[in-house]
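Chemist: So I've got this file, data_14.txt, and it contains compact mmCIF, C-alpha atoms and all ligand atoms:
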```txt
# COMPACT_ATOMS: atom_id res chain seq x y z
CA MET A 17 7.12 17.99 15.82
CA ASP A 18 10.04 20.40 15.65
CA ASN A 19 13.27 20.68 13.72
CA LYS A 20 15.67 19.74 16.46
CA ARG A 21 14.16 16.49 17.60
CA LYS A 22 14.51 13.39 15.42
CA ASN A 23 11.85 10.93 14.34
CA ILE A 24 12.64 7.94 16.57
CA ARG A 25 11.03 5.36 14.30
CA ASN A 26 13.33 6.52 11.47
CA GLN A 27 16.50 5.84 13.45
CA GLU A 28 18.84 2.99 12.67
CA TYR A 29 19.08 0.45 15.45
CA SER A 30 22.81 1.25 15.79
CA GLU A 31 22.07 4.93 16.36
CA LEU A 32 19.67 4.13 19.17
CA MET A 33 22.25 1.71 20.62
CA ASP A 34 24.76 4.57 20.72
CA PHE A 35 22.21 6.81 22.39
CA PHE A 36 21.50 4.17 25.03
CA ASN A 37 25.23 3.44 25.54
CA ASP A 38 25.98 7.12 26.05
CA LEU A 39 23.36 7.17 28.78
CA ASN A 40 24.74 3.96 30.31
CA GLU A 41 21.39 2.31 29.81
CA LYS A 42 21.17 -1.47 29.64
CA LYS A 43 20.47 -3.17 26.33
CA PHE A 44 17.13 -4.59 27.44
CA ARG A 45 15.80 -1.03 27.70
CA LEU A 46 16.16 -0.75 23.94
CA THR A 47 14.08 -3.90 23.52
CA GLN A 48 11.45 -2.42 25.82
CA LEU A 49 11.47 0.84 23.89
CA SER A 50 11.12 -0.99 20.61
CA GLU A 51 8.10 -2.92 21.93
CA TRP A 52 6.37 0.32 22.89
CA LEU A 53 7.15 1.93 19.55
CA TRP A 54 5.85 -0.91 17.38
CA LYS A 55 4.00 -3.75 19.07
CA LYS A 56 2.15 -1.53 21.55
CA GLY A 57 1.82 1.45 19.19
CA SER A 58 2.71 4.15 21.74
CA GLU A 59 1.90 7.76 21.02
CA SER A 60 4.22 9.26 23.63
CA PHE A 61 7.28 8.36 25.68
CA GLN A 62 5.42 9.11 28.89
CA GLU A 63 3.12 6.13 28.47
CA MET A 64 6.11 3.70 28.35
CA LYS A 65 5.46 2.48 31.87
CA ASN A 66 8.42 0.18 32.39
CA LEU A 67 11.06 2.78 31.36
CA PRO A 68 12.64 4.93 34.09
CA GLN A 69 11.37 8.52 34.19
CA SER A 70 14.87 9.93 33.56
CA LEU A 71 15.17 7.88 30.35
CA LYS A 72 11.72 8.93 29.17
CA GLU A 73 12.73 12.55 29.61
CA LYS A 74 16.01 12.10 27.72
CA LEU A 75 14.14 10.40 24.91
CA GLU A 76 11.62 13.20 24.81
CA GLN A 77 14.36 15.82 24.52
CA GLN A 78 15.96 14.07 21.54
CA TYR A 79 13.13 12.41 19.69
CA TYR A 80 9.49 12.55 18.68
CA ILE A 81 7.04 9.83 17.58
CA ASP A 82 5.39 10.57 14.23
CA LYS A 83 2.15 8.86 15.21
CA ILE A 84 -0.78 9.35 12.86
CA LYS A 85 -4.36 9.71 14.06
CA PRO A 86 -7.71 8.94 12.47
CA VAL A 87 -9.66 12.19 12.10
CA PHE A 88 -12.66 11.18 10.04
CA GLN A 89 -14.49 8.04 8.98
CA THR A 90 -17.35 7.19 6.71
CA SER A 91 -19.11 3.86 6.04
CA GLY A 92 -20.85 2.62 2.92
CA LYS A 93 -23.88 0.38 2.47
CA ASP A 94 -21.60 -2.64 2.14
CA LYS A 95 -19.88 -1.71 5.45
CA THR A 96 -16.69 -0.68 3.68
CA THR A 97 -15.26 2.04 5.89
CA LYS A 98 -12.91 4.78 4.79
CA PHE A 99 -10.67 6.57 7.26
CA LEU A 100 -8.89 9.83 6.93
CA PHE A 101 -5.60 9.92 8.79
CA GLN A 102 -3.66 12.99 9.82
CA SER A 103 0.12 13.15 10.15
CA VAL A 104 1.98 15.18 12.78
CA ASP A 105 2.75 17.78 10.09
CA ASP A 106 -0.97 18.05 9.27
CA HIS A 107 -1.15 16.13 6.02
CA LYS A 108 -4.17 13.97 5.33
CA PHE A 109 -4.27 10.56 3.66
CA GLU A 110 -6.66 7.63 3.47
CA GLY A 111 -6.97 4.01 4.46
CA VAL A 112 -9.93 1.66 3.96
CA LEU A 113 -11.37 -1.36 5.78
CA ILE A 114 -13.11 -3.80 3.46
CA PRO A 115 -15.13 -6.51 5.22
CA ASP A 116 -16.11 -9.63 3.30
CA LYS A 117 -17.70 -12.72 4.89
CA ASP A 118 -14.98 -13.97 7.28
CA ARG A 119 -12.35 -11.50 6.21
CA VAL A 120 -11.42 -7.90 6.74
CA THR A 121 -8.93 -6.39 4.30
CA ALA A 122 -7.09 -3.14 4.95
CA CYS A 123 -6.14 -1.00 1.97
CA ILE A 124 -3.30 1.34 2.87
CA SER A 125 -1.45 4.30 1.37
CA THR A 126 2.31 4.75 0.96
CA GLN A 127 2.52 8.36 -0.22
CA ILE A 128 0.60 11.57 0.30
CA GLY A 129 -0.55 12.14 -3.25
CA CYS A 130 1.15 10.47 -6.22
CA GLN A 131 3.59 11.46 -8.98
CA LEU A 132 2.36 9.03 -11.61
CA ASN A 133 -0.83 10.76 -12.71
CA CYS A 134 -2.69 7.80 -14.25
CA SER A 135 -5.58 9.29 -16.21
CA PHE A 136 -8.33 7.31 -14.43
CA CYS A 137 -7.13 7.75 -10.84
CA ALA A 138 -8.15 10.46 -8.36
CA THR A 139 -4.92 10.47 -6.36
CA GLY A 140 -2.79 11.83 -9.20
CA LYS A 141 -5.10 14.83 -9.46
CA ILE A 142 -4.13 16.15 -6.04
CA GLY A 143 -0.44 16.13 -6.90
CA TYR A 144 2.36 14.79 -4.77
CA LYS A 145 3.19 15.97 -1.25
CA ARG A 146 5.63 13.51 0.25
CA ASN A 147 6.42 9.89 1.07
CA LEU A 148 4.86 8.36 4.15
CA THR A 149 7.45 7.25 6.70
CA THR A 150 7.97 3.69 7.90
CA GLY A 151 6.20 4.58 11.15
CA GLU A 152 3.22 6.14 9.38
CA ILE A 153 2.74 3.15 7.06
CA PHE A 154 3.01 0.81 10.04
CA ASP A 155 0.51 2.97 11.97
CA GLU A 156 -2.08 2.65 9.21
CA VAL A 157 -2.05 -1.12 9.60
CA PHE A 158 -1.84 -0.97 13.37
CA LEU A 159 -4.75 1.46 13.65
CA LEU A 160 -6.86 -0.26 11.00
CA ASN A 161 -6.41 -3.52 12.90
CA LYS A 162 -7.63 -1.84 16.06
CA LEU A 163 -10.53 -0.23 14.20
CA SER A 164 -11.39 -3.57 12.58
CA ASN A 165 -11.66 -5.06 16.07
CA ASP A 166 -13.86 -2.19 17.23
CA ILE A 167 -16.18 -2.28 14.22
CA PHE A 168 -16.18 -5.90 13.03
CA ALA A 169 -14.80 -7.69 16.10
CA LYS A 170 -12.09 -9.21 13.91
CA ASN A 171 -8.38 -8.85 13.33
CA LEU A 172 -7.25 -7.85 9.87
CA SER A 173 -6.97 -10.89 7.64
CA ASN A 174 -5.31 -9.19 4.65
CA ILE A 175 -3.43 -6.06 3.71
CA VAL A 176 -3.38 -4.59 0.23
CA ILE A 177 -0.99 -1.77 -0.55
CA MET A 178 -3.33 -0.23 -3.08
CA GLY A 179 -4.23 3.09 -1.49
CA MET A 180 -2.74 6.46 -2.35
CA GLY A 181 0.70 6.58 -3.93
CA GLU A 182 3.18 4.31 -5.69
CA PRO A 183 4.82 2.01 -3.12
CA LEU A 184 7.88 1.30 -5.26
CA LEU A 185 8.70 5.02 -5.40
CA ASN A 186 8.82 4.86 -1.60
CA TYR A 187 10.67 1.57 -1.57
CA GLY A 188 12.69 1.75 1.66
CA ASN A 189 9.92 2.95 3.96
CA THR A 190 7.34 0.59 2.47
CA ILE A 191 9.56 -2.48 2.78
CA ASN A 192 10.67 -1.53 6.29
CA ALA A 193 7.04 -1.14 7.34
CA ILE A 194 6.05 -4.48 5.77
CA ASN A 195 8.98 -6.18 7.52
CA ILE A 196 7.85 -4.85 10.88
CA ILE A 197 4.22 -5.80 10.15
CA MET A 198 5.40 -9.35 9.40
CA SER A 199 7.81 -9.55 12.33
CA GLU A 200 6.86 -11.04 15.68
CA ASN A 201 8.05 -7.77 17.22
CA GLY A 202 5.44 -5.92 15.18
CA MET A 203 2.20 -7.64 14.19
CA GLY A 204 3.34 -11.11 13.16
CA MET A 205 1.34 -11.08 9.93
CA SER A 206 2.02 -13.77 7.34
CA PRO A 207 3.47 -12.56 4.00
CA GLN A 208 0.82 -14.54 2.10
CA ARG A 209 -1.74 -12.09 3.44
CA ILE A 210 0.04 -9.02 2.13
CA THR A 211 -0.13 -7.72 -1.46
CA LEU A 212 1.82 -4.81 -2.87
CA SER A 213 0.51 -3.24 -6.05
CA THR A 214 2.67 -1.24 -8.47
CA ALA A 215 1.96 0.72 -11.64
CA GLY A 216 5.09 -0.90 -13.09
CA VAL A 217 8.13 0.82 -11.64
CA VAL A 218 10.72 -1.47 -13.22
CA PRO A 219 13.76 -0.86 -10.97
CA GLY A 220 11.52 -1.42 -7.93
CA ILE A 221 10.25 -4.76 -9.27
CA LYS A 222 13.86 -5.89 -9.85
CA LYS A 223 14.76 -4.83 -6.35
CA LEU A 224 11.83 -6.81 -4.91
CA ALA A 225 13.22 -9.82 -6.76
CA ASP A 226 16.75 -9.25 -5.45
CA ASP A 227 15.36 -8.78 -1.95
CA ASN A 228 13.55 -12.09 -2.44
CA ILE A 229 10.29 -10.84 -0.99
CA LYS A 230 7.74 -13.33 0.33
CA PHE A 231 4.58 -11.26 0.00
CA ASN A 232 2.41 -11.02 -3.12
CA LEU A 233 2.97 -8.67 -6.03
CA SER A 234 0.29 -7.13 -8.20
CA ILE A 235 0.97 -5.21 -11.39
CA SER A 236 -1.50 -2.58 -12.54
CA LEU A 237 -1.29 -3.37 -16.24
CA HIS A 238 -4.56 -2.02 -17.66
CA SER A 239 -3.34 -2.38 -21.25
CA ALA A 240 -0.89 -4.64 -23.06
CA ASP A 241 -0.57 -2.18 -25.93
CA ASN A 242 2.35 0.20 -25.52
CA GLU A 243 0.75 3.25 -27.09
CA LYS A 244 -2.54 2.82 -25.28
CA ARG A 245 -0.85 2.18 -21.96
CA SER A 246 1.23 5.34 -22.30
CA THR A 247 -1.87 7.45 -22.80
CA ILE A 248 -3.61 6.13 -19.66
CA MET A 249 -0.49 5.53 -17.56
CA PRO A 250 2.32 8.02 -18.24
CA VAL A 251 4.73 5.80 -16.26
CA ASN A 252 4.73 3.56 -19.36
CA LYS A 253 6.70 6.22 -21.24
CA LYS A 254 9.54 5.70 -18.81
CA TYR A 255 9.22 1.93 -18.33
CA ASP A 256 7.53 0.47 -21.39
CA LEU A 257 5.95 -2.97 -21.75
CA GLU A 258 9.20 -4.59 -22.92
CA ALA A 259 11.05 -3.34 -19.85
CA LEU A 260 8.12 -4.38 -17.65
CA LYS A 261 8.07 -7.85 -19.17
CA LYS A 262 11.76 -8.34 -18.47
CA ALA A 263 11.36 -7.20 -14.87
CA ILE A 264 8.41 -9.55 -14.26
CA LYS A 265 10.29 -12.46 -15.81
CA TYR A 266 13.26 -11.68 -13.59
CA PHE A 267 10.96 -11.44 -10.57
CA TYR A 268 9.47 -14.86 -11.29
CA GLU A 269 12.86 -16.46 -11.86
CA LYS A 270 14.16 -15.14 -8.56
CA THR A 271 11.12 -15.62 -6.31
CA GLY A 272 9.03 -18.32 -7.99
CA THR A 273 5.95 -16.26 -7.11
CA ARG A 274 3.19 -15.74 -9.63
CA VAL A 275 2.19 -12.12 -10.07
CA THR A 276 -1.38 -10.84 -10.36
CA TYR A 277 -2.25 -8.42 -13.13
CA GLU A 278 -4.83 -5.79 -12.36
CA TYR A 279 -6.75 -4.88 -15.49
CA LEU A 280 -9.10 -1.96 -15.23
CA MET A 281 -11.92 -2.23 -17.78
CA LEU A 282 -12.39 1.16 -19.43
CA GLY A 283 -15.36 1.22 -21.81
CA GLY A 284 -14.24 1.54 -25.46
CA ILE A 285 -10.60 2.01 -24.47
CA ASN A 286 -9.03 -1.33 -23.54
CA ASP A 287 -11.94 -3.78 -23.54
CA SER A 288 -11.99 -5.22 -27.09
CA ILE A 289 -11.09 -8.79 -28.00
CA GLU A 290 -7.99 -7.41 -29.69
CA ASP A 291 -7.00 -6.03 -26.27
CA ALA A 292 -7.65 -9.44 -24.72
CA VAL A 293 -5.38 -11.05 -27.34
CA LYS A 294 -2.58 -8.65 -26.44
CA LEU A 295 -3.13 -9.28 -22.75
CA THR A 296 -2.92 -13.04 -23.31
CA GLU A 297 0.34 -12.59 -25.21
CA PHE A 298 1.84 -10.35 -22.54
CA THR A 299 0.98 -12.66 -19.66
CA LYS A 300 2.77 -15.61 -21.25
CA ILE A 301 6.05 -14.55 -19.64
CA SER A 302 5.31 -16.30 -16.34
CA PRO A 303 2.51 -18.03 -14.41
CA CYS A 304 0.02 -15.40 -13.28
CA LYS A 305 -3.49 -14.46 -12.27
CA ILE A 306 -5.59 -11.74 -13.84
CA ASN A 307 -7.99 -9.54 -11.92
CA LEU A 308 -10.47 -7.64 -14.05
CA ILE A 309 -11.52 -4.48 -12.24
CA GLN A 310 -14.57 -2.42 -12.90
CA TYR A 311 -13.94 1.25 -13.34
CA ASN A 312 -15.04 3.47 -10.47
CA SER A 313 -15.96 6.93 -11.57
CA THR A 314 -14.02 9.75 -9.97
CA GLU A 315 -14.72 13.46 -9.69
CA LYS A 316 -13.30 14.46 -13.08
CA SER A 317 -14.39 11.25 -14.69
CA GLU A 318 -13.84 10.92 -18.43
CA TYR A 319 -14.33 7.17 -18.75
CA LYS A 320 -17.31 4.90 -18.81
CA ASN A 321 -17.83 1.36 -17.68
CA THR A 322 -17.48 -1.59 -19.98
CA SER A 323 -20.86 -3.10 -20.77
CA LYS A 324 -21.83 -6.38 -19.09
CA GLU A 325 -21.71 -8.26 -22.39
CA LYS A 326 -18.27 -6.96 -23.33
CA LEU A 327 -16.97 -7.76 -19.89
CA GLN A 328 -18.28 -11.31 -20.19
CA ASP A 329 -16.72 -11.73 -23.66
CA PHE A 330 -13.39 -10.45 -22.41
CA PHE A 331 -13.55 -12.73 -19.38
CA ASN A 332 -14.51 -15.77 -21.45
CA PHE A 333 -11.77 -15.13 -23.97
CA LEU A 334 -9.12 -15.17 -21.24
CA GLU A 335 -10.59 -18.21 -19.53
CA ASN A 336 -10.62 -20.10 -22.79
CA LYS A 337 -6.90 -19.43 -23.03
CA ASN A 338 -6.59 -21.25 -19.68
CA LEU A 339 -5.73 -18.12 -17.78
CA ILE A 340 -6.83 -17.72 -14.15
CA VAL A 341 -9.19 -14.76 -14.24
CA THR A 342 -11.32 -13.18 -11.55
CA LEU A 343 -13.69 -10.29 -11.68
CA ARG A 344 -13.06 -8.11 -8.69
CA LYS A 345 -16.13 -6.89 -6.93
CA SER A 346 -15.81 -3.24 -6.22
CA LYS A 347 -16.69 -2.10 -2.74
CA GLY A 348 -17.16 1.28 -1.14
CA GLN A 349 -18.23 3.12 -4.30
CA ASP A 350 -20.91 5.13 -2.51
CA ILE A 351 -18.34 6.63 -0.13
CA ASN A 352 -15.58 7.20 -2.70
CA ALA A 353 -13.53 4.49 -1.04
CA ALA A 354 -13.15 2.23 -4.05
CA CYS A 355 -9.94 1.80 -6.05
CA GLY A 356 -8.68 5.06 -7.40
CA GLN A 357 -11.28 7.10 -5.57
CA LEU A 358 -9.22 7.90 -2.52
CA ALA A 359 -8.00 11.45 -2.17
CA ASN A 360 -11.48 12.68 -2.70
CA LYS A 361 -10.90 16.41 -2.70
CA ASN A 362 -13.47 17.43 -0.11
CA ASN A 363 -11.85 15.28 2.47
CA ILE A 364 -8.22 15.73 1.70
CA LEU A 365 -7.80 19.45 1.29
N1 LIG B 1 0.31 2.90 -7.51
C1 LIG B 1 -0.09 1.54 -7.24
C2 LIG B 1 -1.06 1.39 -6.09
C3 LIG B 1 -2.22 2.34 -6.01
S1 LIG B 1 -3.53 2.18 -7.17
C4 LIG B 1 -0.64 0.92 -8.51
O1 LIG B 1 -0.78 1.63 -9.49
O2 LIG B 1 -0.89 -0.27 -8.51
C5 LIG B 1 -4.37 0.70 -6.75
C6 LIG B 1 -5.22 0.14 -7.88
O3 LIG B 1 -6.39 0.94 -8.12
C7 LIG B 1 -4.46 0.09 -9.19
O4 LIG B 1 -4.65 -1.12 -9.84
C8 LIG B 1 -5.11 1.25 -9.93
O5 LIG B 1 -4.89 1.17 -11.29
C9 LIG B 1 -6.56 1.10 -9.51
N2 LIG B 1 -7.39 2.27 -9.83
C10 LIG B 1 -7.02 3.56 -9.88
N3 LIG B 1 -8.06 4.35 -10.25
C11 LIG B 1 -9.13 3.54 -10.40
C12 LIG B 1 -10.51 3.78 -10.74
N4 LIG B 1 -10.98 5.00 -11.00
N5 LIG B 1 -11.33 2.69 -10.80
C13 LIG B 1 -10.87 1.45 -10.53
N6 LIG B 1 -9.60 1.17 -10.19
C14 LIG B 1 -8.72 2.22 -10.15
```
Go ahead and express the file in the form of structure tokens.
Modeler:
Amino acid sequence: MDNKRKNIRNQEYSELMDFFNDLNEKKFRLTQLSEWLWKKGSESFQEMKNLPQSLKEKLEQQYYIDKIKPVFQTSGKDKTTKFLFQSVDDHKFEGVLIPDKDRVTACISTQIGCQLNCSFCATGKIGYKRNLTTGEIFDEVFLLNKLSNDIFAKNLSNIVIMGMGEPLLNYGNTINAINIIMSENGMGMSPQRITLSTAGVVPGIKKLADDNIKFNLSISLHSADNEKRSTIMPVNKKYDLEALKKAIKYFYEKTGTRVTYEYLMLGGINDSIEDAVKLTEFTKISPCKINLIQYNSTEKSEYKNTSKEKLQDFFNFLENKNLIVTLRKSKGQDINAACGQLANKNNIL
């Protein structure tokens, strides 16, 4: 990478059209280029076999491809496999493959580090470096799909945007990448198999509604009590529960899609029946699902797990209120690949 050349996968289609027109290149060359950049996942212009050599050289002079590469991988007892990716400017970030019976789910990152600093999450602790680009987010899925074929002999069945970073603070690049992943010119993945998770960035949720997205939305709620939520998730000071409620209502009205609430069970913090009552109240705004998540300890862990009995009581309470509740099995704990454990310091820095 250098300062003069431009990132080709960041260019507007119209800019590339102009570039091709100036060179008197035919339009179909742009289609060919685009296939190499996305569908075939090229790392260099030289490997674009059906483009004339002169065009490849012109492209090389003007542009670079910000292709990421896997530099490290580690597998857990449950076959969950964590990958460390490296960007062309030498940043590291993580993606995870989670196999389960007939499925393989990829968990991908959208930022290098995170600005939100949730108290239970490891990513916040490493600070924020930068947004991932559209190309880099696409590459994670592309490469994880390839790796899933190598390791499990299966294509990816699902994608969860629950790795490092807050996707709605990198809205444009994340949505562009998802659009390409869904498009026939990219990976042709169905929107029902994609889930974006947010800590509750209200303007982003409204924008998803206005953009009438077709993929699934998860909200990391973790507490339906304003004061409590602000202490564990500082983002709540900016967008409190009232604002979040309004945004979710708006999202449901516009898209008709039920959201999923992620609720991390933190022993003695948010796991009482009183907390369950508040959660029930909050979720009345629209049809929804609730995922209870077990806490995964991180390096500077200050929380403990909810006891089995308390978890069962909490679960039963919600079910008795006719809510759809699931208890999410946590995978990859032994390799620090579980929720909130990415950005494990030894690997990242
Ligand atoms: N910023 C987005 C996506 C990344 S976090 C969001 O907040 O949703 C993905 C999920 O992992 C979130 O639900 C998050 O709250 C959860 N998580 C973070 N740290 C965790 C930990 N230590 N144990 C279990 N889940 C955790």
Chemist: Extract, using all atoms listed in the file, all DNA, RNA and protein residues at most 8 Å from stretch 257-263 of chain A, discarding same-chain residues fewer than 2 positions from it, and format them as JSON, numbers by chain.
Modeler: {"A": [216, 217, 218, 219, 221, 222, 240, 241, 242, 252, 255, 265, 266, 267, 298, 301]}
Chemist: Report, in Å to a single decimal, how far apart atom CA of A:Lys162 and atom CA of A:Ile84 are.
Modeler: 13.5 Å
Chemist: Could you tell me how far atom CA of A:Ile235 sits from atom CA of A:Thr299, in Å to one decimal place?
Modeler: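 If I compute the distance from atom CA of A:Thr299 to atom CA of A:Ile235, I get 11.1 Å.
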Chemist: For ligand LIG 1 (chain B), return the neighbouring residues as a PDB file with C-alpha atoms, in the coordinates of the input (distance at most 7 Å; only C-alpha atoms and all ligand atoms).
Modeler:
```
ATOM      1  CA  PHE A 136      -8.330   7.310 -14.430  1.00  0.00           C
ATOM      2  CA  CYS A 137      -7.130   7.750 -10.840  1.00  0.00           C
ATOM      3  CA  ALA A 138      -8.150  10.460  -8.360  1.00  0.00           C
ATOM      4  CA  ILE A 177      -0.990  -1.770  -0.550  1.00  0.00           C
ATOM      5  CA  MET A 178      -3.330  -0.230  -3.080  1.00  0.00           C
ATOM      6  CA  GLY A 179      -4.230   3.090  -1.490  1.00  0.00           C
ATOM      7  CA  MET A 180      -2.740   6.460  -2.350  1.00  0.00           C
ATOM      8  CA  GLY A 181       0.700   6.580  -3.930  1.00  0.00           C
ATOM      9  CA  GLU A 182       3.180   4.310  -5.690  1.00  0.00           C
ATOM     10  CA  PRO A 183       4.820   2.010  -3.120  1.00  0.00           C
ATOM     11  CA  SER A 213       0.510  -3.240  -6.050  1.00  0.00           C
ATOM     12  CA  THR A 214       2.670  -1.240  -8.470  1.00  0.00           C
ATOM     13  CA  ALA A 215       1.960   0.720 -11.640  1.00  0.00           C
ATOM     14  CA  SER A 234       0.290  -7.130  -8.200  1.00  0.00           C
ATOM     15  CA  ILE A 235       0.970  -5.210 -11.390  1.00  0.00           C
ATOM     16  CA  SER A 236      -1.500  -2.580 -12.540  1.00  0.00           C
ATOM     17  CA  GLU A 278      -4.830  -5.790 -12.360  1.00  0.00           C
ATOM     18  CA  LEU A 280      -9.100  -1.960 -15.230  1.00  0.00           C
ATOM     19  CA  ILE A 309     -11.520  -4.480 -12.240  1.00  0.00           C
ATOM     20  CA  GLN A 310     -14.570  -2.420 -12.900  1.00  0.00           C
ATOM     21  CA  TYR A 311     -13.940   1.250 -13.340  1.00  0.00           C
ATOM     22  CA  ASN A 312     -15.040   3.470 -10.470  1.00  0.00           C
ATOM     23  CA  SER A 313     -15.960   6.930 -11.570  1.00  0.00           C
ATOM     24  CA  THR A 314     -14.020   9.750  -9.970  1.00  0.00           C
ATOM     25  CA  ALA A 354     -13.150   2.230  -4.050  1.00  0.00           C
ATOM     26  CA  CYS A 355      -9.940   1.800  -6.050  1.00  0.00           C
ATOM     27  CA  GLY A 356      -8.680   5.060  -7.400  1.00  0.00           C
ATOM     28  CA  GLN A 357     -11.280   7.100  -5.570  1.00  0.00           C
TER      29      GLN A 357
END
```
Chemist: Distance cut-off 10 Å, centre (15.6, -10.7, -5.4) in file coordinates, counting all atoms listed in the file: which residues qualify? Return them as a list in words.
Modeler: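 Protein, DNA and RNA residues close to (15.6, -10.7, -5.4): Ile221, Lys222, Lys223, Leu224, Ala225, Asp226, Asp227, Asn228, Ile229, Tyr266, Phe267, Tyr268, Glu269, Lys270 and Thr271 of chain A.
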Chemist: Please provide as a PyMOL selection string all residues within 9 Å of A:Lys326, with the sequence filter that same-chain residues fewer than 5 positions apart are discarded (counting only C-alpha atoms).
Modeler: chain A and resi 283+287-289+331
Chemist: Report, in Å to a single decimal, how far apart atom CA of A:Lys20 and atom CA of A:Tyr187 are.
Modeler: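 So the answer is 26.1 Å.
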Chemist: Counting all atoms listed in the file, which residue out of A:Asp94, A:Glu290, A:Glu59, A:Glu318 sits closest to A:Phe333?
Modeler: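 Result for the nearest residue to A:Phe333: A:Glu290.
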Chemist: Near A:Tyr80, within 7 Å and counting only C-alpha atoms, which residues show up once chain neighbours fewer than 6 positions away are dropped, as a PyMOL selection string?
Modeler: chain A and resi 17+21-24
Chemist: Can you tell me, as a PyMOL selection string, what residues are no more than 12 Å from A:Thr121 when counting all atoms listed in the file, ignoring any on the same chain fewer than 2 positions away?
Modeler: chain A and resi 95-98+111-119+123-124+157+160-161+163-164+168+170-178+209-211+347
Chemist: Given all atoms listed in the file as the basis, pick out the residue of A:Phe154, A:Phe61, A:Tyr319, A:Phe109 nearest to A:Gly129.
Modeler: A:Phe109
Chemist: For a quick check of understanding, using all atoms listed in the file, which of A:Gln349, A:Thr342, A:Ser239, A:Asp155 has the smallest distance to A:Glu297?
Modeler: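 Comparing A:Gln349, A:Thr342, A:Ser239, A:Asp155 against A:Glu297, the winner is A:Ser239.
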Chemist: Using only C-alpha atoms for the distances, tell me which of A:Leu148, A:Ile340, A:Ile142, A:Met203 is nearest to A:Thr190.
Modeler: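 Ranked by minimum distance to A:Thr190, first place goes to A:Leu148.
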Chemist: Would you list the residues near (9.9, 11.1, 26.7), meaning any protein, DNA or RNA residue with an atom at most 7 Å from that point in file coordinates, counting all atoms listed in the file, as an mmCIF file with C-alpha atoms, in the frame of the given file?
Modeler:
```cif
data_model
loop_
_atom_site.group_PDB
_atom_site.id
_atom_site.type_symbol
_atom_site.label_atom_id
_atom_site.label_comp_id
_atom_site.auth_asym_id
_atom_site.auth_seq_id
_atom_site.Cartn_x
_atom_site.Cartn_y
_atom_site.Cartn_z
ATOM 1 C CA SER A 60 4.220 9.260 23.630
ATOM 2 C CA PHE A 61 7.280 8.360 25.680
ATOM 3 C CA GLN A 62 5.420 9.110 28.890
ATOM 4 C CA LYS A 72 11.720 8.930 29.170
ATOM 5 C CA GLU A 73 12.730 12.550 29.610
ATOM 6 C CA LYS A 74 16.010 12.100 27.720
ATOM 7 C CA LEU A 75 14.140 10.400 24.910
ATOM 8 C CA GLU A 76 11.620 13.200 24.810
ATOM 9 C CA GLN A 77 14.360 15.820 24.520
#
```
Chemist: Assuming 3 Å of padding per side, give the centre and edge lengths of the axis-aligned box around every listed atom of stretch 243-261 of chain A, in Å to one decimal and as JSON.
Modeler:
```
{"center_x": 3.7, "center_y": 0.1, "center_z": -21.7, "size_x": 20.7, "size_y": 21.9, "size_z": 16.8}
```
Chemist: From the options A:Leu334, A:Leu184, A:Gln208, A:Asn26, which residue's atoms come nearest to A:Lys294, counting only C-alpha atoms?
Modeler: A:Leu334
Chemist: Compare A:Asp38, A:Glu325, A:Glu200, A:Asp256 by their minimum atom-to-atom distance to A:Ser50, counting all atoms listed in the file, and give me the closest one.
Modeler: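 Checking each candidate against A:Ser50, we get A:Glu200 as the closest.
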